[in-house]
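To keep things clear, I will list the structure first and then write my remarks on it.
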Amino acid sequence: MNQRFRITRSMQENNAEQSISLEECKQYFASKPDFTYSPVLTVQGPESVMSIDGDFFMWKYEDLEIPFRLYMGDLYVAIVKEAVIPQMIEVATDLRADVVEG
């Protein structure tokens, strides 16, 4: 099972903008050439296909698309490859947020 991390501002008491907004994410990720926005994440298994509605910023890495999901003011990402870690830290830094496990 993959580790999941949360990019959040919820622990920053002095930050007036504790939530990461959809508009902020759309603007930020639009400047990143290897990210695209998707309102649905489709996961295909060996016997079924599942679609999840939400706000997903899909990072294209090699032959994978790795979702960064905005949910209730935080971004969530699973570490499916080591390369996700520096990307996650870059996103958190640019959004003035912290990274926590969970």
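A note on labels: chains of the structure tokens are A, B, ... as shown, every chain counts residues from 1, and ligands are counted from 1 in their shown order.
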Spatial neighbours of segment 93-96 of chain A, max dist 10 Å, only C-alpha atoms, sep filter under 5 positions, as a VMD selection string: chain A and resid 7 to 9 12 15 17 to 18 20 24 to 25 28 87 to 88
Could you name the residues that touch Leu41 of chain A at 9 Å or less, counting only C-alpha atoms, but leaving out those on the same chain fewer than 2 positions away, as a list in words?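 My list of contacting residues is Ser38, Pro39, Val43, Met50, Ser51, Ile52, Asp53, Gly54, Asp55, Phe56, Met58 and Pro67 of chain A.
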Prev. selection, all heavy atoms, output as an mmCIF file, in the first residue's frame:
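Result saved to part.cif:
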```cif
data_model
loop_
_atom_site.group_PDB
_atom_site.id
_atom_site.type_symbol
_atom_site.label_atom_id
_atom_site.label_comp_id
_atom_site.auth_asym_id
_atom_site.auth_seq_id
_atom_site.Cartn_x
_atom_site.Cartn_y
_atom_site.Cartn_z
ATOM 1 N N SER A 38 -8.436 17.580 -13.999
ATOM 2 C CA SER A 38 -9.489 16.639 -14.364
ATOM 3 C C SER A 38 -10.546 16.620 -13.263
ATOM 4 O O SER A 38 -10.203 16.492 -12.085
ATOM 5 C CB SER A 38 -8.919 15.231 -14.539
ATOM 6 O OG SER A 38 -9.959 14.322 -14.845
ATOM 7 N N PRO A 39 -11.838 16.716 -13.625
ATOM 8 C CA PRO A 39 -12.901 16.640 -12.626
ATOM 9 C C PRO A 39 -13.277 15.199 -12.263
ATOM 10 O O PRO A 39 -14.106 14.984 -11.392
ATOM 11 C CB PRO A 39 -14.072 17.353 -13.299
ATOM 12 C CG PRO A 39 -13.829 17.139 -14.758
ATOM 13 C CD PRO A 39 -12.343 17.094 -14.939
ATOM 14 N N VAL A 43 -10.013 4.912 -12.571
ATOM 15 C CA VAL A 43 -9.071 3.868 -12.174
ATOM 16 C C VAL A 43 -9.541 2.565 -12.805
ATOM 17 O O VAL A 43 -10.685 2.147 -12.605
ATOM 18 C CB VAL A 43 -9.011 3.722 -10.640
ATOM 19 C CG1 VAL A 43 -8.026 2.638 -10.236
ATOM 20 C CG2 VAL A 43 -8.662 5.047 -9.985
ATOM 21 N N MET A 50 -13.467 2.206 -12.240
ATOM 22 C CA MET A 50 -14.106 3.033 -11.229
ATOM 23 C C MET A 50 -13.806 4.495 -11.548
ATOM 24 O O MET A 50 -12.672 4.842 -11.861
ATOM 25 C CB MET A 50 -13.557 2.675 -9.845
ATOM 26 C CG MET A 50 -14.126 3.506 -8.736
ATOM 27 S SD MET A 50 -13.595 2.976 -7.081
ATOM 28 C CE MET A 50 -11.841 3.164 -7.172
ATOM 29 N N SER A 51 -14.832 5.339 -11.473
ATOM 30 C CA SER A 51 -14.664 6.776 -11.681
ATOM 31 C C SER A 51 -14.961 7.498 -10.377
ATOM 32 O O SER A 51 -15.959 7.197 -9.708
ATOM 33 C CB SER A 51 -15.604 7.277 -12.770
ATOM 34 O OG SER A 51 -15.250 6.708 -14.004
ATOM 35 N N ILE A 52 -14.084 8.439 -10.022
ATOM 36 C CA ILE A 52 -14.225 9.203 -8.787
ATOM 37 C C ILE A 52 -14.339 10.671 -9.172
ATOM 38 O O ILE A 52 -13.439 11.211 -9.821
ATOM 39 C CB ILE A 52 -13.014 8.987 -7.861
ATOM 40 C CG1 ILE A 52 -12.831 7.501 -7.560
ATOM 41 C CG2 ILE A 52 -13.159 9.808 -6.582
ATOM 42 C CD1 ILE A 52 -11.503 7.159 -6.935
ATOM 43 N N ASP A 53 -15.444 11.311 -8.786
ATOM 44 C CA ASP A 53 -15.606 12.742 -9.027
ATOM 45 C C ASP A 53 -14.785 13.527 -8.017
ATOM 46 O O ASP A 53 -14.654 13.118 -6.861
ATOM 47 C CB ASP A 53 -17.079 13.149 -8.911
ATOM 48 C CG ASP A 53 -17.927 12.565 -10.023
ATOM 49 O OD1 ASP A 53 -17.387 12.328 -11.119
ATOM 50 O OD2 ASP A 53 -19.130 12.346 -9.792
ATOM 51 N N GLY A 54 -14.242 14.662 -8.447
ATOM 52 C CA GLY A 54 -13.466 15.514 -7.555
ATOM 53 C C GLY A 54 -12.641 16.498 -8.360
ATOM 54 O O GLY A 54 -12.873 16.699 -9.554
ATOM 55 N N ASP A 55 -11.681 17.101 -7.709
ATOM 56 C CA ASP A 55 -10.772 18.042 -8.361
ATOM 57 C C ASP A 55 -9.371 17.437 -8.314
ATOM 58 O O ASP A 55 -8.741 17.397 -7.253
ATOM 59 C CB ASP A 55 -10.812 19.395 -7.647
ATOM 60 C CG ASP A 55 -12.169 20.053 -7.785
ATOM 61 O OD1 ASP A 55 -12.584 20.276 -8.938
ATOM 62 O OD2 ASP A 55 -12.813 20.331 -6.754
ATOM 63 N N PHE A 56 -8.937 16.960 -9.471
ATOM 64 C CA PHE A 56 -7.665 16.264 -9.579
ATOM 65 C C PHE A 56 -6.717 17.035 -10.488
ATOM 66 O O PHE A 56 -7.108 17.474 -11.562
ATOM 67 C CB PHE A 56 -7.867 14.853 -10.145
ATOM 68 C CG PHE A 56 -8.725 13.989 -9.275
ATOM 69 C CD1 PHE A 56 -10.098 13.923 -9.475
ATOM 70 C CD2 PHE A 56 -8.167 13.249 -8.247
ATOM 71 C CE1 PHE A 56 -10.901 13.130 -8.672
ATOM 72 C CE2 PHE A 56 -8.966 12.448 -7.439
ATOM 73 C CZ PHE A 56 -10.333 12.393 -7.644
ATOM 74 N N MET A 58 -3.529 16.170 -12.396
ATOM 75 C CA MET A 58 -2.812 14.968 -12.802
ATOM 76 C C MET A 58 -1.398 15.321 -13.248
ATOM 77 O O MET A 58 -1.212 16.119 -14.175
ATOM 78 C CB MET A 58 -3.563 14.264 -13.928
ATOM 79 C CG MET A 58 -5.012 13.930 -13.592
ATOM 80 S SD MET A 58 -5.197 12.861 -12.149
ATOM 81 C CE MET A 58 -4.492 11.357 -12.789
ATOM 82 N N PRO A 67 -2.267 11.467 -9.446
ATOM 83 C CA PRO A 67 -3.220 12.502 -9.046
ATOM 84 C C PRO A 67 -2.822 13.229 -7.763
ATOM 85 O O PRO A 67 -2.429 12.614 -6.777
ATOM 86 C CB PRO A 67 -4.514 11.714 -8.832
ATOM 87 C CG PRO A 67 -4.062 10.342 -8.471
ATOM 88 C CD PRO A 67 -2.756 10.124 -9.182
#
```
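Shortest atom-to-atom contact with Gly102 of chain A among A:Val40, A:Asp74, A:Pro86, A:Phe57: A:Asp74, counting only C-alpha atoms.
Within chain A, residues classed as helix (DSSP H, G or I) by DSSP on backbone coordinates are Leu22, Glu23, Glu24, Cys25, Lys26, Gln27, Tyr28, Phe29, Ala30, Val84, Ile85, Pro86, Gln87, Met88, Ile89, Glu90, Val91, Ala92, Thr93 and Asp94 of chain A.
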Going by DSSP on the backbone, which bits of chain A are strand (DSSP E or B)? Write them as a ChimeraX atom specification, please. /A:3-8,35-44,49-61,64-71,74-79,98-101
Min atom-atom distance to Glu90 of chain A from the set A:Gln3, A:Arg69, A:Ser21, A:Phe29, counting only C-alpha atoms, belongs to A:Phe29
Residue with the minimum atom-to-atom distance to Phe5 of chain A, picked from A:Ile89, A:Lys60, A:Ala78, A:Ser48 with only C-alpha atoms counted, is A:Ala78
Ile79 of chain A environment, 9 Å, only C-alpha atoms, sequence neighbours closer than 2 positions dropped, as a ChimeraX atom specification: /A:2-5,66,77,81-85
Grab the atom CA of Val99 of chain A to atom CA of Leu64 of chain A distance for me, in Å with one decimal place. 22.3 Å
Could you name the residues that touch Met11 of chain A at 10 Å or less, counting only C-alpha atoms, but leaving out those on the same chain fewer than 5 positions away, as a VMD selection string? chain A and resid 18 97 to 98 100
Next, dump the selected residues to file, keeping only C-alpha atoms, as an mmCIF file, in the first residue's frame.
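Here's the written file out00.cif:
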```cif
data_model
loop_
_atom_site.group_PDB
_atom_site.id
_atom_site.type_symbol
_atom_site.label_atom_id
_atom_site.label_comp_id
_atom_site.auth_asym_id
_atom_site.auth_seq_id
_atom_site.Cartn_x
_atom_site.Cartn_y
_atom_site.Cartn_z
ATOM 1 C CA GLN A 18 -5.615 28.205 5.758
ATOM 2 C CA ALA A 97 1.923 24.919 2.804
ATOM 3 C CA ASP A 98 3.174 22.053 4.950
ATOM 4 C CA VAL A 100 2.020 15.849 6.649
#
```
